[in-house]
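Here is final-v5.cif, consisting of mmCIF, C-alpha atoms:
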data_upload
#
loop_
_atom_site.label_atom_id
_atom_site.label_comp_id
_atom_site.auth_asym_id
_atom_site.auth_seq_id
_atom_site.Cartn_x
_atom_site.Cartn_y
_atom_site.Cartn_z
CA MET A 1 162.62 128.43 116.22
CA SER A 2 163.62 129.40 119.74
CA ALA A 3 167.29 129.96 120.50
CA THR A 4 166.87 128.92 124.17
CA ALA A 5 168.04 125.36 123.44
CA VAL A 6 171.31 126.36 121.80
CA SER A 7 174.75 126.46 123.38
CA SER A 8 176.52 129.74 122.70
CA GLY A 9 179.39 131.82 123.92
CA PRO A 10 182.62 133.62 123.07
CA THR A 11 185.33 131.94 121.03
CA ARG A 12 188.06 133.08 118.63
CA VAL A 13 188.78 133.08 114.93
CA GLY A 14 192.55 133.45 114.79
CA ASP A 15 193.30 136.58 116.82
CA LEU A 16 189.74 137.88 116.57
CA PRO A 17 187.10 137.46 119.25
CA ALA A 18 184.00 135.73 117.90
CA TRP A 19 180.65 134.31 118.96
CA ARG A 20 179.78 130.65 118.36
CA SER A 21 176.23 129.29 118.55
CA VAL A 22 175.64 125.53 118.48
CA PRO A 23 172.25 123.88 117.90
CA ALA A 24 170.81 121.50 120.46
CA GLY A 25 171.44 117.81 119.89
CA ASP A 26 174.27 115.83 118.40
CA GLY A 27 174.45 117.08 114.82
CA PRO A 28 176.09 117.20 112.42
CA TRP A 29 174.66 120.48 111.15
CA PRO A 30 175.32 122.76 108.20
CA GLY A 31 177.61 125.65 109.02
CA LEU A 32 176.94 129.36 108.81
CA VAL A 33 179.26 132.36 109.06
CA LEU A 34 177.53 135.52 110.26
CA VAL A 35 179.00 138.84 109.09
CA HIS A 36 177.83 141.67 111.31
CA GLU A 37 176.58 145.19 110.68
CA ALA A 38 178.75 148.30 110.74
CA PHE A 39 177.98 148.60 114.47
CA GLY A 40 180.01 145.44 115.10
CA LEU A 41 179.30 142.20 116.91
CA ASP A 42 176.73 143.63 119.32
CA ASP A 43 173.82 142.09 121.21
CA ASN A 44 171.64 142.13 118.10
CA MET A 45 174.19 140.16 116.10
CA ARG A 46 174.88 137.68 118.91
CA GLY A 47 171.15 137.20 119.34
CA ILE A 48 170.73 136.52 115.63
CA ALA A 49 173.60 134.02 115.73
CA ASP A 50 171.77 132.21 118.52
CA ARG A 51 168.57 132.38 116.51
CA MET A 52 170.25 130.74 113.50
CA ALA A 53 171.59 127.97 115.73
CA GLY A 54 168.05 127.51 116.99
CA SER A 55 167.08 126.93 113.37
CA GLY A 56 169.71 124.20 113.00
CA PHE A 57 172.84 125.96 111.77
CA LEU A 58 176.25 125.77 113.45
CA THR A 59 176.96 129.51 113.47
CA LEU A 60 180.19 131.45 113.88
CA ALA A 61 180.35 135.26 113.96
CA PRO A 62 183.82 136.90 113.99
CA ASP A 63 184.18 140.47 115.24
CA LEU A 64 185.78 142.24 112.28
CA LEU A 65 186.12 145.52 114.19
CA SER A 66 188.21 144.25 117.09
CA ARG A 67 191.74 144.51 115.70
CA GLY A 68 192.50 148.01 116.98
CA ARG A 69 190.44 151.21 117.20
CA ARG A 70 186.91 150.58 116.01
CA THR A 71 186.77 153.60 113.72
CA ALA A 72 190.00 152.56 112.01
CA CYS A 73 188.83 148.95 111.77
CA LEU A 74 185.52 150.03 110.28
CA ARG A 75 187.28 152.20 107.70
CA ALA A 76 189.61 149.34 106.74
CA THR A 77 186.73 146.86 106.58
CA MET A 78 184.64 149.10 104.34
CA THR A 79 187.66 149.68 102.10
CA ALA A 80 188.11 145.91 101.78
CA LEU A 81 184.44 145.54 100.86
CA ARG A 82 184.73 148.16 98.11
CA ARG A 83 187.93 146.61 96.73
CA GLY A 84 186.81 143.01 97.09
CA SER A 85 189.97 142.04 98.96
CA GLY A 86 191.75 142.71 102.22
CA GLN A 87 192.01 141.59 105.83
CA ALA A 88 188.25 141.38 106.35
CA PHE A 89 187.90 138.84 103.55
CA ASP A 90 190.79 136.85 105.03
CA ASP A 91 189.09 136.87 108.43
CA ILE A 92 185.77 135.71 107.00
CA GLU A 93 187.52 132.93 105.07
CA ALA A 94 189.23 131.85 108.30
CA ALA A 95 185.81 131.67 109.94
CA ARG A 96 184.47 129.60 107.03
CA ALA A 97 187.39 127.17 107.28
CA GLN A 98 186.94 126.90 111.04
CA VAL A 99 183.24 126.07 110.73
CA ALA A 100 183.78 123.63 107.85
CA GLY A 101 186.50 121.85 109.82
CA ASP A 102 184.37 121.45 112.94
CA GLU A 103 183.49 117.77 113.42
CA ARG A 104 179.93 118.85 114.19
CA CYS A 105 179.56 120.43 110.71
CA THR A 106 178.33 118.59 107.64
CA GLY A 107 180.95 120.42 105.59
CA ARG A 108 178.42 122.63 103.82
CA VAL A 109 178.72 126.29 104.83
CA GLY A 110 176.67 129.38 104.05
CA VAL A 111 177.13 133.06 104.82
CA ILE A 112 174.55 135.43 106.29
CA GLY A 113 175.20 139.16 106.52
CA PHE A 114 173.48 142.32 107.65
CA CYS A 115 174.01 145.87 106.35
CA MET A 116 177.78 145.98 105.82
CA GLY A 117 177.81 142.22 106.31
CA GLY A 118 175.14 141.88 103.66
CA GLY A 119 177.50 143.54 101.20
CA PHE A 120 180.17 141.00 102.07
CA ALA A 121 177.69 138.14 101.69
CA LEU A 122 176.87 139.28 98.15
CA VAL A 123 180.53 139.44 97.13
CA LEU A 124 181.26 136.07 98.74
CA ALA A 125 178.31 134.42 96.99
CA GLY A 126 180.33 134.37 93.77
CA ARG A 127 183.45 132.87 95.37
CA PRO A 128 184.39 129.23 95.96
CA GLY A 129 183.65 127.55 99.27
CA TRP A 130 180.18 128.94 99.93
CA ASP A 131 177.05 126.86 99.42
CA ALA A 132 174.40 129.55 100.05
CA ALA A 133 174.28 133.26 100.88
CA ALA A 134 171.73 135.30 102.80
CA PRO A 135 172.50 139.03 102.38
CA ASN A 136 170.13 141.35 104.23
CA TYR A 137 169.92 145.03 103.22
CA GLY A 138 173.39 144.70 101.74
CA MET A 139 175.05 147.18 99.40
CA LEU A 140 175.21 145.82 95.86
CA PRO A 141 178.63 145.04 94.34
CA ARG A 142 180.07 147.68 92.01
CA THR A 143 179.62 145.32 89.08
CA PRO A 144 177.11 142.47 88.78
CA ASP A 145 179.87 140.32 87.28
CA VAL A 146 180.83 139.57 90.90
CA LEU A 147 177.76 137.32 90.92
CA ASP A 148 178.90 135.14 88.01
CA GLY A 149 178.69 131.53 89.16
CA ALA A 150 177.20 132.56 92.50
CA CYS A 151 175.80 130.09 95.00
CA PRO A 152 172.04 130.29 95.78
CA VAL A 153 171.04 133.65 97.29
CA VAL A 154 168.15 134.64 99.57
CA ALA A 155 168.04 138.41 100.09
CA SER A 156 165.78 140.83 101.96
CA TYR A 157 165.46 144.61 101.74
CA GLY A 158 163.26 147.31 103.24
CA GLY A 159 161.22 149.47 100.91
CA ARG A 160 161.56 152.50 103.21
CA ASP A 161 165.37 152.33 103.13
CA ARG A 162 166.30 155.32 100.95
CA TRP A 163 170.00 154.40 100.90
CA LEU A 164 169.34 151.11 99.12
CA ARG A 165 166.34 152.18 97.07
CA GLY A 166 165.94 149.93 94.03
CA SER A 167 168.58 147.44 95.19
CA ALA A 168 166.20 144.49 95.48
CA ALA A 169 165.01 144.86 91.88
CA LYS A 170 168.57 145.24 90.58
CA LEU A 171 169.75 142.19 92.49
CA GLU A 172 166.78 140.14 91.31
CA SER A 173 167.58 141.04 87.71
CA ALA A 174 171.30 140.26 88.05
CA LEU A 175 170.69 136.86 89.65
CA ALA A 176 167.97 135.90 87.17
CA ALA A 177 170.20 136.83 84.23
CA ARG A 178 172.89 134.49 85.58
CA GLY A 179 170.59 131.60 86.35
CA VAL A 180 171.40 131.73 90.08
CA PRO A 181 168.75 130.14 92.33
CA HIS A 182 167.39 132.99 94.37
CA ASP A 183 164.65 134.48 96.51
CA VAL A 184 164.81 138.29 96.70
CA ARG A 185 162.11 140.31 98.41
CA GLU A 186 161.54 143.94 99.36
CA TYR A 187 159.19 144.71 102.25
CA ALA A 188 157.28 147.95 101.76
CA SER A 189 156.66 148.45 105.49
CA ALA A 190 160.30 147.99 106.52
CA GLY A 191 163.43 150.10 106.53
CA HIS A 192 167.08 149.24 107.08
CA SER A 193 168.01 146.74 109.83
CA PHE A 194 164.41 145.57 110.16
CA LEU A 195 165.54 142.08 111.23
CA ASN A 196 167.22 143.41 114.39
CA PRO A 197 165.41 142.60 117.65
CA GLU A 198 166.26 146.09 118.99
CA ASP A 199 167.37 149.49 117.73
CA LEU A 200 170.83 149.83 119.27
CA SER A 201 172.07 152.70 117.11
CA ALA A 202 173.62 155.67 118.90
CA TRP A 203 171.46 158.77 119.36
CA TYR A 204 173.85 160.94 117.33
CA LEU A 205 173.25 158.76 114.26
CA ALA A 206 169.52 159.47 114.33
CA PRO A 207 169.51 161.87 111.32
CA MET A 208 170.90 159.02 109.20
CA THR A 209 169.25 156.00 110.78
CA ARG A 210 165.79 157.50 111.15
CA LEU A 211 165.44 159.93 108.25
CA VAL A 212 167.37 158.14 105.52
CA LEU A 213 167.47 154.48 106.49
CA HIS A 214 164.20 154.35 108.50
CA ALA A 215 166.12 151.74 110.46
CA GLY A 216 164.71 149.61 113.21
CA PRO A 217 162.72 146.48 113.95
CA GLU A 218 159.64 145.67 111.88
CA PRO A 219 158.23 142.45 113.36
CA GLY A 220 155.77 141.62 110.59
CA ALA A 221 158.31 141.84 107.79
CA ALA A 222 160.94 140.14 109.96
CA ALA A 223 158.72 137.12 110.61
CA ASP A 224 158.19 136.56 106.90
CA ALA A 225 161.85 137.16 106.05
CA TRP A 226 163.09 134.74 108.71
CA ALA A 227 160.73 132.04 107.45
CA ARG A 228 162.12 132.50 103.93
CA ILE A 229 165.73 132.55 105.11
CA ASP A 230 165.34 129.43 107.25
CA ALA A 231 163.66 127.46 104.47
CA PHE A 232 166.08 128.59 101.76
CA LEU A 233 169.21 127.85 103.78
CA ALA A 234 167.85 124.51 104.96
CA GLU A 235 167.22 123.51 101.34
CA HIS A 236 170.53 124.65 99.89
CA LEU A 237 172.77 123.68 102.79
CA ALA A 238 171.33 120.20 103.12
CA ALA A 239 174.01 117.52 102.98
#
Target format structure tokens, applied to this file:
Amino acid sequence: MSATAVSSGPTRVGDLPAWRSVPAGDGPWPGLVLVHEAFGLDDNMRGIADRMAGSGFLTLAPDLLSRGRRTACLRATMTALRRGSGQAFDDIEAARAQVAGDERCTGRVGVIGFCMGGGFALVLAGRPGWDAAAPNYGMLPRTPDVLDGACPVVASYGGRDRWLRGSAAKLESALAARGVPHDVREYASAGHSFLNPEDLSAWYLAPMTRLVLHAGPEPGAAADAWARIDAFLAEHLAA
């Protein structure tokens, strides 16, 4: 669905800058918190937030890397992800509460994440307050017990992504063993970040992004993944 009809722009989540995308019409709509990649809240992530609003989700994307120097923020955010607690989780929870409390929201809220954000989405799936999770090429939790009692999960991975090789199958097994409604798919033609409209990675990261992650857009796989994500979230976030 086209994002041209949405209303979007900068906002704040506490002291963090954020991007809010609102569907066209009067609502109410289900809410969605977008957790960005390790590159931060860039044009790709803002564009995806607008895309999700175009699909009928009131979307809020906080910039987790804006509280100080980006390298230090990224290190702290990744540490929080590994530990399962920390400022980043507090910031994401603040975003969830803000969306849920918006009068234009139905009160049902999901989380969608990409790369680093996909790892957060997987951890959050097993925590209270979330009604659906859409992790995309996200690092698996250290222990599958994190997924005990998880909300429904729709996940997408690229088969050419060497860093996350085998993750889709492991996640599928963990969710099935726990009886969690899920849709997990690996796309053989895609690498990491295949849902991004553009490759915005810095040139000096090429040895990692191109040789290990095979990162970058893959329109065919992306079209199928977006159709699955839209349908799954619409079903499980319905009021």
*Applied to this file, what does the PyMOL selection byres ((chain A and resi 102) around 12) return in terms of residues, put as a ChimeraX atom specification?*
/A:20,22,27-32,58-60,95-101,103-109
Mind dumping a table of every segment 36-121 of chain A residue within 12 Å of segment 159-167 of chain A, with the nearest atom pair and its distance in Å to one decimal, using all atoms listed in the file, sorted by chain and rising number, as a tab-separated table?
residue	atom	partner	partner_atom	distance
A:Cys115	CA	A:Leu164	CA	10.1
A:Met116	CA	A:Leu164	CA	11.9
A:Gly118	CA	A:Leu164	CA	11.8
A:Gly119	CA	A:Leu164	CA	11.3
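Of the listed residues A:Leu233, A:Val111, A:Val33, A:Val13, the one whose atoms come nearest to Arg67 of chain A is A:Val13, with distances taken using only C-alpha atoms.
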_To test your reading of the syntax: which residues would the PyMOL selection byres ((chain A and resi 218) around 7) return for the file shown? Reply as JSON, numbers by chain._
{"A": [190, 194, 195, 216, 217, 219, 220, 221, 222]}
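Residues within 10 Å of Trp226 of chain A, counting only C-alpha atoms and excluding same-chain residues fewer than 5 positions away, are Met1, Arg51, Met52, Ser55, Ser156, Leu195, Ala221, Ala231 and Phe232 of chain A.
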Could you give me, as a PDB file with C-alpha atoms, keeping the file's coordinate frame, the residues that sit within 10 Å of (175.3, 122.2, 122.1) in the file's coordinates, counting all atoms listed in the file?
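Saved file result13.pdb follows:
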ATOM      1  CA  ALA A   5     168.040 125.360 123.440  1.00  0.00           C
ATOM      2  CA  VAL A   6     171.310 126.360 121.800  1.00  0.00           C
ATOM      3  CA  SER A   7     174.750 126.460 123.380  1.00  0.00           C
ATOM      4  CA  SER A   8     176.520 129.740 122.700  1.00  0.00           C
ATOM      5  CA  SER A  21     176.230 129.290 118.550  1.00  0.00           C
ATOM      6  CA  VAL A  22     175.640 125.530 118.480  1.00  0.00           C
ATOM      7  CA  PRO A  23     172.250 123.880 117.900  1.00  0.00           C
ATOM      8  CA  ALA A  24     170.810 121.500 120.460  1.00  0.00           C
ATOM      9  CA  GLY A  25     171.440 117.810 119.890  1.00  0.00           C
ATOM     10  CA  ASP A  26     174.270 115.830 118.400  1.00  0.00           C
ATOM     11  CA  GLY A  27     174.450 117.080 114.820  1.00  0.00           C
ATOM     12  CA  ALA A  53     171.590 127.970 115.730  1.00  0.00           C
ATOM     13  CA  LEU A  58     176.250 125.770 113.450  1.00  0.00           C
ATOM     14  CA  ARG A 104     179.930 118.850 114.190  1.00  0.00           C
TER      15      ARG A 104
END
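What separates atom CA of Ala174 of chain A from atom CA of Tyr137 of chain A is a distance of 16.0 Å.
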*For atom CA of Ala134 of chain A and atom CA of Asp199 of chain A, quote the distance in Å rounded to one decimal.*
21.1 Å
When you get a chance, write out N, CA, C and O atoms for segment 129-151 of chain A, as a PDB file, in the frame of the given file.
ATOM      1  N   GLY A 129     183.691 127.927  97.873  1.00  0.00           N
ATOM      2  CA  GLY A 129     183.650 127.550  99.270  1.00  0.00           C
ATOM      3  C   GLY A 129     182.333 127.816  99.966  1.00  0.00           C
ATOM      4  O   GLY A 129     182.095 127.334 101.073  1.00  0.00           O
ATOM      5  N   TRP A 130     181.452 128.593  99.316  1.00  0.00           N
ATOM      6  CA  TRP A 130     180.180 128.940  99.930  1.00  0.00           C
ATOM      7  C   TRP A 130     179.045 128.211  99.210  1.00  0.00           C
ATOM      8  O   TRP A 130     178.994 128.192  97.987  1.00  0.00           O
ATOM      9  N   ASP A 131     178.134 127.651  99.988  1.00  0.00           N
ATOM     10  CA  ASP A 131     177.050 126.860  99.420  1.00  0.00           C
ATOM     11  C   ASP A 131     175.720 127.601  99.378  1.00  0.00           C
ATOM     12  O   ASP A 131     174.784 127.169  98.692  1.00  0.00           O
ATOM     13  N   ALA A 132     175.597 128.709 100.083  1.00  0.00           N
ATOM     14  CA  ALA A 132     174.400 129.550 100.050  1.00  0.00           C
ATOM     15  C   ALA A 132     174.748 130.879 100.710  1.00  0.00           C
ATOM     16  O   ALA A 132     175.649 130.948 101.555  1.00  0.00           O
ATOM     17  N   ALA A 133     174.045 131.931 100.311  1.00  0.00           N
ATOM     18  CA  ALA A 133     174.280 133.260 100.880  1.00  0.00           C
ATOM     19  C   ALA A 133     172.954 133.922 101.212  1.00  0.00           C
ATOM     20  O   ALA A 133     171.996 133.824 100.438  1.00  0.00           O
ATOM     21  N   ALA A 134     172.934 134.604 102.361  1.00  0.00           N
ATOM     22  CA  ALA A 134     171.730 135.300 102.800  1.00  0.00           C
ATOM     23  C   ALA A 134     172.081 136.751 103.148  1.00  0.00           C
ATOM     24  O   ALA A 134     172.231 137.110 104.320  1.00  0.00           O
ATOM     25  N   PRO A 135     172.231 137.610 102.120  1.00  0.00           N
ATOM     26  CA  PRO A 135     172.500 139.030 102.380  1.00  0.00           C
ATOM     27  C   PRO A 135     171.205 139.757 102.755  1.00  0.00           C
ATOM     28  O   PRO A 135     170.169 139.570 102.120  1.00  0.00           O
ATOM     29  N   ASN A 136     171.280 140.583 103.782  1.00  0.00           N
ATOM     30  CA  ASN A 136     170.130 141.350 104.230  1.00  0.00           C
ATOM     31  C   ASN A 136     170.475 142.836 104.214  1.00  0.00           C
ATOM     32  O   ASN A 136     171.445 143.248 104.851  1.00  0.00           O
ATOM     33  N   TYR A 137     169.693 143.602 103.457  1.00  0.00           N
ATOM     34  CA  TYR A 137     169.920 145.030 103.220  1.00  0.00           C
ATOM     35  C   TYR A 137     171.402 145.311 103.005  1.00  0.00           C
ATOM     36  O   TYR A 137     171.999 146.181 103.644  1.00  0.00           O
ATOM     37  N   GLY A 138     171.985 144.545 102.070  1.00  0.00           N
ATOM     38  CA  GLY A 138     173.390 144.700 101.740  1.00  0.00           C
ATOM     39  C   GLY A 138     173.617 145.552 100.515  1.00  0.00           C
ATOM     40  O   GLY A 138     172.841 145.501  99.552  1.00  0.00           O
ATOM     41  N   MET A 139     174.662 146.353 100.543  1.00  0.00           N
ATOM     42  CA  MET A 139     175.050 147.180  99.400  1.00  0.00           C
ATOM     43  C   MET A 139     175.410 146.282  98.223  1.00  0.00           C
ATOM     44  O   MET A 139     176.121 145.289  98.379  1.00  0.00           O
ATOM     45  N   LEU A 140     174.925 146.624  97.040  1.00  0.00           N
ATOM     46  CA  LEU A 140     175.210 145.820  95.860  1.00  0.00           C
ATOM     47  C   LEU A 140     176.666 145.985  95.436  1.00  0.00           C
ATOM     48  O   LEU A 140     177.265 147.042  95.614  1.00  0.00           O
ATOM     49  N   PRO A 141     177.259 144.926  94.856  1.00  0.00           N
ATOM     50  CA  PRO A 141     178.630 145.040  94.340  1.00  0.00           C
ATOM     51  C   PRO A 141     178.703 146.103  93.246  1.00  0.00           C
ATOM     52  O   PRO A 141     177.695 146.430  92.595  1.00  0.00           O
ATOM     53  N   ARG A 142     179.898 146.646  93.040  1.00  0.00           N
ATOM     54  CA  ARG A 142     180.070 147.680  92.010  1.00  0.00           C
ATOM     55  C   ARG A 142     179.699 147.173  90.631  1.00  0.00           C
ATOM     56  O   ARG A 142     179.204 147.924  89.799  1.00  0.00           O
ATOM     57  N   THR A 143     179.972 145.912  90.359  1.00  0.00           N
ATOM     58  CA  THR A 143     179.620 145.320  89.080  1.00  0.00           C
ATOM     59  C   THR A 143     178.901 144.007  89.309  1.00  0.00           C
ATOM     60  O   THR A 143     179.322 143.214  90.170  1.00  0.00           O
ATOM     61  N   PRO A 144     177.824 143.734  88.578  1.00  0.00           N
ATOM     62  CA  PRO A 144     177.110 142.470  88.780  1.00  0.00           C
ATOM     63  C   PRO A 144     177.916 141.252  88.368  1.00  0.00           C
ATOM     64  O   PRO A 144     177.544 140.131  88.714  1.00  0.00           O
ATOM     65  N   ASP A 145     179.031 141.458  87.664  1.00  0.00           N
ATOM     66  CA  ASP A 145     179.870 140.320  87.280  1.00  0.00           C
ATOM     67  C   ASP A 145     180.392 139.566  88.498  1.00  0.00           C
ATOM     68  O   ASP A 145     180.777 138.394  88.389  1.00  0.00           O
ATOM     69  N   VAL A 146     180.422 140.234  89.653  1.00  0.00           N
ATOM     70  CA  VAL A 146     180.830 139.570  90.900  1.00  0.00           C
ATOM     71  C   VAL A 146     179.947 138.359  91.175  1.00  0.00           C
ATOM     72  O   VAL A 146     180.375 137.395  91.820  1.00  0.00           O
ATOM     73  N   LEU A 147     178.727 138.375  90.655  1.00  0.00           N
ATOM     74  CA  LEU A 147     177.760 137.320  90.920  1.00  0.00           C
ATOM     75  C   LEU A 147     177.817 136.181  89.901  1.00  0.00           C
ATOM     76  O   LEU A 147     177.025 135.244  89.988  1.00  0.00           O
ATOM     77  N   ASP A 148     178.739 136.245  88.967  1.00  0.00           N
ATOM     78  CA  ASP A 148     178.900 135.140  88.010  1.00  0.00           C
ATOM     79  C   ASP A 148     179.207 133.859  88.776  1.00  0.00           C
ATOM     80  O   ASP A 148     180.128 133.817  89.598  1.00  0.00           O
ATOM     81  N   GLY A 149     178.453 132.809  88.509  1.00  0.00           N
ATOM     82  CA  GLY A 149     178.690 131.530  89.160  1.00  0.00           C
ATOM     83  C   GLY A 149     178.351 131.508  90.630  1.00  0.00           C
ATOM     84  O   GLY A 149     178.853 130.652  91.371  1.00  0.00           O
ATOM     85  N   ALA A 150     177.502 132.436  91.078  1.00  0.00           N
ATOM     86  CA  ALA A 150     177.200 132.560  92.500  1.00  0.00           C
ATOM     87  C   ALA A 150     176.431 131.350  93.032  1.00  0.00           C
ATOM     88  O   ALA A 150     175.696 130.675  92.299  1.00  0.00           O
ATOM     89  N   CYS A 151     176.601 131.095  94.316  1.00  0.00           N
ATOM     90  CA  CYS A 151     175.800 130.090  95.000  1.00  0.00           C
ATOM     91  C   CYS A 151     174.376 130.630  95.169  1.00  0.00           C
ATOM     92  O   CYS A 151     174.117 131.826  94.932  1.00  0.00           O
TER      93      CYS A 151
END
